[in-house]
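Have a look at the structure below, then the notes.
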Amino acid sequence: MLTLENISVNYGAIEALNGITMHVEQGEVVTLIGANGAGKTTTLRTITGLLSPRAGRVLYEDEEISGLPTHKLVARGISMSPEGRGVFANLTVRENLQMGAYLKKNKREIAEDMERAYTMFPRLKERQSQKAGTLSGGEQQMLAMGRALMSRPRLLLLDEPSLGLAPLVVHTIFQAIEDIRSKGTTILLVEQNANAALRHSNRAYVLETGQIVMEGASQDLAADPRIKEAYLGE
Amino acid sequence: MDTFVQQLINGLTIGSIYALIALGYTMVYGILRLINFAHGDIYMVGAFAGFFIAHGLGFAAEPSLVGFAITLLGSMLVAALIGMAIERFAYRPVRKYARMTTLITAIGVSLLLENLGVVIFGGAPRSFPQLLQNQNYTLFGNAAISKSQILIFSVSIALMLLLQWIIYRTKVGTAMRAVSFNLNSAKLMGINTNLIIAFTFALGSALAAAGGVLTAQYNPQIYPLMGIITGLKAFVAAVLGGIGNIPGAVLGGLLIGAAETFVVGYGQSVGIPSTYRDAVAFSILILVLLFRPAGLLGSTVQEKV
Ligand SMILES: Nc1ncnc2c1ncn2[C@@H]1O[C@H](COP(=O)(O)OP(=O)(O)O)[C@@H](O)[C@H]1O
Ligand SMILES: [Mg+2]
């Protein structure tokens with residue numbers, strides 16, 4: 001479904017990604033783990049067209065998409081909950097969700113999808129008329145995920161959805177990920193919380209300073225002594 | 001009392017014009033963090049567009065409400081198109097560079113419009129035709145309000161309500177607020193942010209043009225450099241209200257208009273000559289920057305558009 005071929009990305013003179021190759025197949029949950037600064041966010045920003053690669057290609061559903069503007073990629077079924085959540089603090093919860101459905105025309109479907117987001121995260125329904133800026137971190141993360149689903153994506157990118165959240169909220173978020181996965185949405189999950197990410201995914205890539213250093217089935221990586229030492233704190 | 005009411009009416013009349021122009025400064029700032037120095041010149045372009053429409057379609061010879069409405073809407077349309085062209089060809093190519101680059105570009109566009117104006121229209125003032133039969137209505141005592149003042153109030157209020165509705169009640173308005181808060185998040189929603197930015201310029205420019213045509217009904221001298229001082233005062237109004245803040249721009253405009261009229265009206269009795277009129281806005285600017293840099297309605301978490 002999604003293939004990255006030898007992607008290199010620079011910020012000015014700084015090289016953030018150095019020829020990474022990876023793929024995500026239809027229906028999979030793939031996780032990308034790595035330490036702070038490894039290049040995970042850069043990878044997702046490149047897939048969504050917020051950054052352009054210096055070299056390499058991004059293919060989505062067998063077509064090259066590198067160079068397309070972000071809004072066109074959203075129209076093609078890619079959606080992202082960005083690092084730091086990126087909710088519109090000056091908009092209400094409901095307006096945030098409406099923006100998630102920006103490209104949708106069918107009012108009835110939008111209303112259904114909004115109800116679905118509220119069912120997934122009842123906290124959002126209680127706060128639907130509140131400005132998103134007044135929400136707690138966990139609620140903002142729920143909003144960011146609910147909003148990303150409003151475009152009915154076929155490929156959902158999640159950038160550190162559990163970052164900085166209390167254990168109970170982390171649990172809610174991973175349950176939501178399982179829920180989204182069970183409905184057939186393909187997910188590329190970026191996490192520093194390698195433990196949970198490996199438990200909730202089919203395959204994984206390990207990124208270190210802009211390069212993929214390991215890949216494989218999540219179960220296998222979770223059992224690998226090097227991963228255990230470096231990422232699982234064992 | 002009569003004089004006070006009269007001064008207030010006159011001040012709010014000018015203030016409404018400043019408010020219309022200030023809205024454009026504040027919207028563009030909200031969305032791009034750019035002080036669009038060419039905005040005052042769009043006000044001038046609007047006045048000239050109105051001048052040519054009124055003469056071209058014969059409304060100058062025969063005053064009528066329909067003629068006025070067509071002139072107003074026509075000049076708003078012309079200004080909207082020019083505003084979008086400026087954004088597309090001058091600002092968008094430099095948007096990725098440091099903010100200072102865009103600022104200097106804006107000053108360049110402003111000088112370009114002013115000098116093109118002088119080349120095309122000539123430097124001498126022209127007299128804008130009266131599009132409605134003017135008339136004065138006595139309120140009480142000696143205080144009076146003219147038809148053109150009523151026109152300025154009603155059209156400005158209608159436009160401001162329309163703007164409020166667009167920004168807070170429509171999808172494109174919600175997208176404007178989203179873009180102004182977080183450009184990349186807005187892109188991730190599927191919003192074509194370039195289109196929203198262009199639309200913001202169109203809206204702001206149309207309001208400035210309306211200001212130009214309305215002013216010309218009140219004070220018919222139009223000339224290519226007319227946007228400089230008025231534009232600066234409207235900019236001060238936007239800063240006074242809290243730049244990026246929509247209601248702030250309206251409040252700032254009305255306050256500046258009232259303040260300068262009162263200085264002219266009452267200043268002499270306390271030793272301020274009426275020639276200080278233009279200094280009022282800039283003194284206010286200095287005070288705001290010293291004591292309340294975020295503006296009257298601005299706060300750290302302001303509603304930006
Ligand atoms: N806007 C930026 N400008 C310059 N360097 C950046 C920028 N964003 C990220 N970097 C650098 O690129 C590298 C990868 O960053 P990032 O993709 O954010 O890592 P991660 O998401 O894995 O923590 C880091 O070295 C980071 O310092
Ligand atoms: Mg990151």
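By order in the structure tokens, chains are A, B, ...; within a chain, residues start at 1; ligands start at 1, following the order shown.
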
Within 8 Å of chain A, which residues of chain B show up when using only C-alpha atoms, listed as an NGL selection string?
:B and (174-175 or 177-178 or 181-182 or 184-192 or 303-304)

I need the residues in region 7-222 of chain B that are strand (DSSP E) according to DSSP; give them as a list in words.
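Assigned to strand (DSSP E), within region 7-222 of chain B: Arg126, Ser127, Asn136, Tyr137, Thr138, Leu139, Phe140, Ala143, Ala144, Ile145, Ser146, Gln221 and Ile222 of chain B.
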
Just want the residues within 10 Å of ligand 2, written as a short mmCIF file (atom, residue, chain, number, x, y, z; two decimals) with N, CA and C atoms, in the first residue's frame, counting only C-alpha atoms and all ligand atoms.
```cif
data_model
loop_
_atom_site.label_atom_id
_atom_site.label_comp_id
_atom_site.auth_asym_id
_atom_site.auth_seq_id
_atom_site.Cartn_x
_atom_site.Cartn_y
_atom_site.Cartn_z
N GLY A 34 12.14 4.22 17.70
CA GLY A 34 13.47 4.83 17.66
C GLY A 34 13.55 5.91 18.71
N ALA A 35 14.77 6.24 19.09
CA ALA A 35 14.98 7.22 20.14
C ALA A 35 14.59 8.62 19.65
N ASN A 36 14.54 9.54 20.56
CA ASN A 36 14.29 10.94 20.25
C ASN A 36 15.32 11.42 19.21
N GLY A 37 14.84 12.04 18.14
CA GLY A 37 15.77 12.57 17.14
C GLY A 37 16.20 11.58 16.08
N ALA A 38 15.64 10.37 16.11
CA ALA A 38 16.05 9.35 15.15
C ALA A 38 15.57 9.66 13.73
N GLY A 39 14.46 10.40 13.62
CA GLY A 39 13.93 10.74 12.30
C GLY A 39 12.52 10.20 12.06
N LYS A 40 11.82 9.81 13.12
CA LYS A 40 10.49 9.23 12.97
C LYS A 40 9.50 10.26 12.44
N THR A 41 9.48 11.43 13.09
CA THR A 41 8.55 12.47 12.66
C THR A 41 8.87 12.92 11.24
N THR A 42 10.15 13.03 10.95
CA THR A 42 10.56 13.42 9.60
C THR A 42 10.01 12.44 8.57
N THR A 43 10.03 11.15 8.90
CA THR A 43 9.50 10.14 7.99
C THR A 43 8.01 10.39 7.72
N LEU A 44 7.25 10.61 8.78
CA LEU A 44 5.81 10.81 8.60
C LEU A 44 5.52 12.12 7.85
N ARG A 45 6.30 13.15 8.15
CA ARG A 45 6.08 14.43 7.47
C ARG A 45 6.42 14.33 5.99
N PRO A 82 -0.71 14.37 14.08
CA PRO A 82 0.70 14.77 14.13
C PRO A 82 1.30 14.75 15.54
N GLU A 83 2.62 14.82 15.57
CA GLU A 83 3.32 14.93 16.85
C GLU A 83 2.85 16.20 17.55
N GLY A 84 2.65 16.11 18.85
CA GLY A 84 2.18 17.27 19.60
C GLY A 84 0.71 17.56 19.37
N ASP A 159 1.61 9.86 15.10
CA ASP A 159 2.94 10.24 15.58
C ASP A 159 2.92 10.39 17.10
N GLU A 160 3.48 9.42 17.77
CA GLU A 160 3.59 9.39 19.23
C GLU A 160 2.28 9.73 19.95
N LEU A 163 2.53 9.96 23.88
CA LEU A 163 3.56 10.79 24.52
C LEU A 163 3.00 11.67 25.63
N VAL A 190 4.06 5.60 14.98
CA VAL A 190 5.38 6.02 15.46
C VAL A 190 5.32 6.11 16.98
N GLU A 191 6.27 5.50 17.64
CA GLU A 191 6.24 5.51 19.11
C GLU A 191 7.63 5.51 19.71
N GLN A 192 7.77 6.14 20.86
CA GLN A 192 8.95 5.93 21.67
C GLN A 192 8.66 4.84 22.70
#
```

Identify, on the basis of only C-alpha atoms, every residue whose closest approach to region 146-155 of chain B does not exceed 6 Å; exclude the query and any residue fewer than 4 positions from it along the same chain; express the result as a list in words.
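Final neighbour list, sorted by chain and number: Asn134, Gln135, Asn136, Tyr137, Leu214 and Tyr218 of chain B.
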
Write the residues you've just listed into a file as a PDB file, in the first residue's frame, and include N, CA, C and O atoms for each of them.
```pdb
ATOM      1  N   ASN B 134     -26.965  64.159  -1.546  1.00  0.00           N
ATOM      2  CA  ASN B 134     -26.651  64.312  -0.122  1.00  0.00           C
ATOM      3  C   ASN B 134     -27.696  65.175   0.564  1.00  0.00           C
ATOM      4  O   ASN B 134     -28.394  65.968  -0.055  1.00  0.00           O
ATOM      5  N   GLN B 135     -27.777  64.992   1.846  1.00  0.00           N
ATOM      6  CA  GLN B 135     -28.815  65.672   2.603  1.00  0.00           C
ATOM      7  C   GLN B 135     -28.395  65.630   4.059  1.00  0.00           C
ATOM      8  O   GLN B 135     -27.740  64.683   4.481  1.00  0.00           O
ATOM      9  N   ASN B 136     -28.747  66.673   4.822  1.00  0.00           N
ATOM     10  CA  ASN B 136     -28.446  66.647   6.250  1.00  0.00           C
ATOM     11  C   ASN B 136     -29.718  66.481   7.055  1.00  0.00           C
ATOM     12  O   ASN B 136     -30.748  67.048   6.725  1.00  0.00           O
ATOM     13  N   TYR B 137     -29.631  65.648   8.071  1.00  0.00           N
ATOM     14  CA  TYR B 137     -30.767  65.489   8.963  1.00  0.00           C
ATOM     15  C   TYR B 137     -30.374  66.037  10.322  1.00  0.00           C
ATOM     16  O   TYR B 137     -29.354  65.634  10.874  1.00  0.00           O
ATOM     17  N   LEU B 214     -16.602  54.540   0.255  1.00  0.00           N
ATOM     18  CA  LEU B 214     -17.392  55.227   1.280  1.00  0.00           C
ATOM     19  C   LEU B 214     -16.739  56.555   1.670  1.00  0.00           C
ATOM     20  O   LEU B 214     -17.405  57.579   1.777  1.00  0.00           O
ATOM     21  N   TYR B 218     -17.820  60.979   1.310  1.00  0.00           N
ATOM     22  CA  TYR B 218     -17.816  61.889   2.456  1.00  0.00           C
ATOM     23  C   TYR B 218     -16.815  63.001   2.203  1.00  0.00           C
ATOM     24  O   TYR B 218     -17.032  64.164   2.534  1.00  0.00           O
TER      25      TYR B 218
END
```

Selection: 8 Å around region 126-129 of chain A, only C-alpha atoms, excl. self and same-chain fewer than 2 positions, as a PDB file with C-alpha atoms, in the first residue's frame:
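The result, written out as part18.pdb:
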```
ATOM      1  CA  THR A  92     -14.241  24.066  19.439  1.00  0.00           C
ATOM      2  CA  VAL A  93     -14.015  20.296  19.614  1.00  0.00           C
ATOM      3  CA  ARG A  94     -16.856  20.040  17.117  1.00  0.00           C
ATOM      4  CA  PRO A 122     -17.145   9.867  24.923  1.00  0.00           C
ATOM      5  CA  ARG A 123     -15.086  12.587  26.652  1.00  0.00           C
ATOM      6  CA  LEU A 124     -15.097  14.517  23.390  1.00  0.00           C
ATOM      7  CA  LYS A 131     -12.412  25.270  22.707  1.00  0.00           C
TER       8      LYS A 131
END
```

Just list the residues in region 49-200 of chain A DSSP gives helix (DSSP H, G or I) on the backbone, as a PyMOL selection string.
chain A and resi 70-75+93-100+107-120+122-126+132-134+137-149+167-182+194-199

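For region 249-259 of chain B, the list of residues within 6 Å, based on only C-alpha atoms and with local chain neighbours fewer than 2 positions off taken out, reads B:Gly11, B:Leu12, B:Ile14, B:Gly15, B:Ser16, B:Tyr18, B:Ala19, B:Ala22, B:Leu23, B:Ala237, B:Ala238, B:Leu240, B:Gly241, B:Ile246, B:Pro247, B:Thr261, B:Phe262.
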
For Ser52 (chain A), please output as a compact mmCIF listing (two decimals) with all heavy atoms, in the first residue's frame all residues within 7 Å (counting only C-alpha atoms; exclusion window: fewer than 6 positions along the same chain).
```
# COMPACT_ATOMS: atom_id res chain seq x y z
N THR A 46 7.34 13.43 5.67
CA THR A 46 7.68 13.24 4.26
C THR A 46 6.56 12.48 3.55
O THR A 46 6.18 12.82 2.43
CB THR A 46 9.01 12.47 4.14
OG1 THR A 46 10.00 13.17 4.90
CG2 THR A 46 9.47 12.37 2.69
N SER A 66 5.45 11.39 -4.00
CA SER A 66 6.38 12.41 -3.52
C SER A 66 6.21 13.67 -4.36
O SER A 66 6.12 13.60 -5.58
CB SER A 66 7.83 11.92 -3.57
OG SER A 66 7.93 10.67 -4.21
N GLY A 67 6.14 14.81 -3.71
CA GLY A 67 5.97 16.07 -4.42
C GLY A 67 4.53 16.54 -4.48
O GLY A 67 4.27 17.70 -4.79
```

Residues near Ser8 (chain A), anyone? I mean within 8 Å using only C-alpha atoms, not counting same-chain ones fewer than 2 positions away, as a PyMOL selection string.
chain A and resi 6+10+15-20+53-56

Output all heavy atoms for every residue in that selection, as a PDB file, in the first residue's frame.
```pdb
ATOM      1  N   ASN A   6      14.506   4.335  -0.522  1.00  0.00           N
ATOM      2  CA  ASN A   6      15.740   5.113  -0.371  1.00  0.00           C
ATOM      3  C   ASN A   6      15.508   6.589  -0.092  1.00  0.00           C
ATOM      4  O   ASN A   6      16.113   7.455  -0.725  1.00  0.00           O
ATOM      5  CB  ASN A   6      16.591   4.991  -1.640  1.00  0.00           C
ATOM      6  CG  ASN A   6      17.263   3.646  -1.689  1.00  0.00           C
ATOM      7  OD1 ASN A   6      17.910   3.242  -0.718  1.00  0.00           O
ATOM      8  ND2 ASN A   6      17.083   2.937  -2.786  1.00  0.00           N
ATOM      9  N   ASN A  10      16.666  16.248   4.186  1.00  0.00           N
ATOM     10  CA  ASN A  10      17.552  17.191   4.883  1.00  0.00           C
ATOM     11  C   ASN A  10      16.765  18.360   5.452  1.00  0.00           C
ATOM     12  O   ASN A  10      15.772  18.782   4.866  1.00  0.00           O
ATOM     13  CB  ASN A  10      18.550  17.789   3.889  1.00  0.00           C
ATOM     14  CG  ASN A  10      19.720  16.873   3.654  1.00  0.00           C
ATOM     15  OD1 ASN A  10      19.561  15.660   3.550  1.00  0.00           O
ATOM     16  ND2 ASN A  10      20.897  17.466   3.574  1.00  0.00           N
ATOM     17  N   GLU A  15      21.255  16.298   7.804  1.00  0.00           N
ATOM     18  CA  GLU A  15      20.596  15.149   7.203  1.00  0.00           C
ATOM     19  C   GLU A  15      19.782  14.430   8.276  1.00  0.00           C
ATOM     20  O   GLU A  15      20.335  13.954   9.264  1.00  0.00           O
ATOM     21  CB  GLU A  15      21.634  14.214   6.602  1.00  0.00           C
ATOM     22  CG  GLU A  15      21.002  13.015   5.937  1.00  0.00           C
ATOM     23  CD  GLU A  15      21.936  12.368   4.937  1.00  0.00           C
ATOM     24  OE1 GLU A  15      22.848  11.669   5.386  1.00  0.00           O
ATOM     25  OE2 GLU A  15      21.742  12.579   3.720  1.00  0.00           O
ATOM     26  N   ALA A  16      18.467  14.378   8.080  1.00  0.00           N
ATOM     27  CA  ALA A  16      17.608  13.742   9.084  1.00  0.00           C
ATOM     28  C   ALA A  16      17.295  12.295   8.709  1.00  0.00           C
ATOM     29  O   ALA A  16      17.157  11.446   9.581  1.00  0.00           O
ATOM     30  CB  ALA A  16      16.320  14.538   9.245  1.00  0.00           C
ATOM     31  N   LEU A  17      17.149  12.009   7.416  1.00  0.00           N
ATOM     32  CA  LEU A  17      16.924  10.635   6.964  1.00  0.00           C
ATOM     33  C   LEU A  17      17.956  10.316   5.901  1.00  0.00           C
ATOM     34  O   LEU A  17      18.202  11.125   4.999  1.00  0.00           O
ATOM     35  CB  LEU A  17      15.513  10.482   6.375  1.00  0.00           C
ATOM     36  CG  LEU A  17      14.336  10.580   7.339  1.00  0.00           C
ATOM     37  CD1 LEU A  17      13.030  10.406   6.566  1.00  0.00           C
ATOM     38  CD2 LEU A  17      14.435   9.557   8.459  1.00  0.00           C
ATOM     39  N   ASN A  18      18.536   9.139   6.020  1.00  0.00           N
ATOM     40  CA  ASN A  18      19.624   8.782   5.129  1.00  0.00           C
ATOM     41  C   ASN A  18      19.294   7.477   4.417  1.00  0.00           C
ATOM     42  O   ASN A  18      19.685   6.405   4.843  1.00  0.00           O
ATOM     43  CB  ASN A  18      20.908   8.675   5.973  1.00  0.00           C
ATOM     44  CG  ASN A  18      22.110   8.293   5.147  1.00  0.00           C
ATOM     45  OD1 ASN A  18      22.028   8.227   3.924  1.00  0.00           O
ATOM     46  ND2 ASN A  18      23.212   8.022   5.823  1.00  0.00           N
ATOM     47  N   GLY A  19      18.497   7.577   3.351  1.00  0.00           N
ATOM     48  CA  GLY A  19      18.180   6.426   2.515  1.00  0.00           C
ATOM     49  C   GLY A  19      17.381   5.342   3.202  1.00  0.00           C
ATOM     50  O   GLY A  19      17.826   4.200   3.291  1.00  0.00           O
ATOM     51  N   ILE A  20      16.195   5.688   3.707  1.00  0.00           N
ATOM     52  CA  ILE A  20      15.418   4.624   4.350  1.00  0.00           C
ATOM     53  C   ILE A  20      14.440   3.979   3.362  1.00  0.00           C
ATOM     54  O   ILE A  20      13.875   4.639   2.490  1.00  0.00           O
ATOM     55  CB  ILE A  20      14.663   5.095   5.616  1.00  0.00           C
ATOM     56  CG1 ILE A  20      13.505   6.020   5.291  1.00  0.00           C
ATOM     57  CG2 ILE A  20      15.602   5.762   6.610  1.00  0.00           C
ATOM     58  CD1 ILE A  20      12.562   6.181   6.470  1.00  0.00           C
ATOM     59  N   PRO A  53      11.414  14.891  -0.022  1.00  0.00           N
ATOM     60  CA  PRO A  53      12.677  14.172   0.088  1.00  0.00           C
ATOM     61  C   PRO A  53      13.733  14.751  -0.864  1.00  0.00           C
ATOM     62  O   PRO A  53      13.389  15.252  -1.935  1.00  0.00           O
ATOM     63  CB  PRO A  53      12.305  12.740  -0.321  1.00  0.00           C
ATOM     64  CG  PRO A  53      11.046  12.860  -1.109  1.00  0.00           C
ATOM     65  CD  PRO A  53      10.348  14.089  -0.627  1.00  0.00           C
ATOM     66  N   ARG A  54      14.981  14.695  -0.411  1.00  0.00           N
ATOM     67  CA  ARG A  54      16.085  15.124  -1.269  1.00  0.00           C
ATOM     68  C   ARG A  54      16.358  14.041  -2.310  1.00  0.00           C
ATOM     69  O   ARG A  54      16.723  14.323  -3.433  1.00  0.00           O
ATOM     70  CB  ARG A  54      17.325  15.357  -0.397  1.00  0.00           C
ATOM     71  CG  ARG A  54      18.568  15.786  -1.130  1.00  0.00           C
ATOM     72  CD  ARG A  54      19.695  16.106  -0.154  1.00  0.00           C
ATOM     73  NE  ARG A  54      20.016  14.978   0.724  1.00  0.00           N
ATOM     74  CZ  ARG A  54      20.721  13.905   0.353  1.00  0.00           C
ATOM     75  NH1 ARG A  54      21.176  13.806  -0.876  1.00  0.00           N
ATOM     76  NH2 ARG A  54      20.975  12.941   1.210  1.00  0.00           N
ATOM     77  N   ALA A  55      16.144  12.796  -1.906  1.00  0.00           N
ATOM     78  CA  ALA A  55      16.332  11.679  -2.830  1.00  0.00           C
ATOM     79  C   ALA A  55      15.348  10.583  -2.449  1.00  0.00           C
ATOM     80  O   ALA A  55      14.890  10.520  -1.311  1.00  0.00           O
ATOM     81  CB  ALA A  55      17.769  11.166  -2.745  1.00  0.00           C
ATOM     82  N   GLY A  56      15.033   9.730  -3.414  1.00  0.00           N
ATOM     83  CA  GLY A  56      14.152   8.602  -3.146  1.00  0.00           C
ATOM     84  C   GLY A  56      12.715   8.874  -3.560  1.00  0.00           C
ATOM     85  O   GLY A  56      12.389   9.981  -4.003  1.00  0.00           O
TER      86      GLY A  56
END
```

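You can rank A:Val29, A:Ile65, A:Leu189, A:Val58 by their closest distance to ligand 1 using only C-alpha atoms and all ligand atoms, and at the top of that list sits A:Leu189.
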
CA of Met76 (chain B) and CA of Gly117 (chain B), how far apart in Å?
17.5 Å

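Going from CA of Arg99 (chain B) to CA of Leu32 (chain B) covers 9.4 Å.
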
Between A:Ile110, A:Gly146, A:Gln211, A:Met22, single out the one closest to ligand 1, counting only C-alpha atoms and all ligand atoms.
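Between A:Ile110, A:Gly146, A:Gln211, A:Met22, the residue approaching ligand 1 most closely is A:Gln211.
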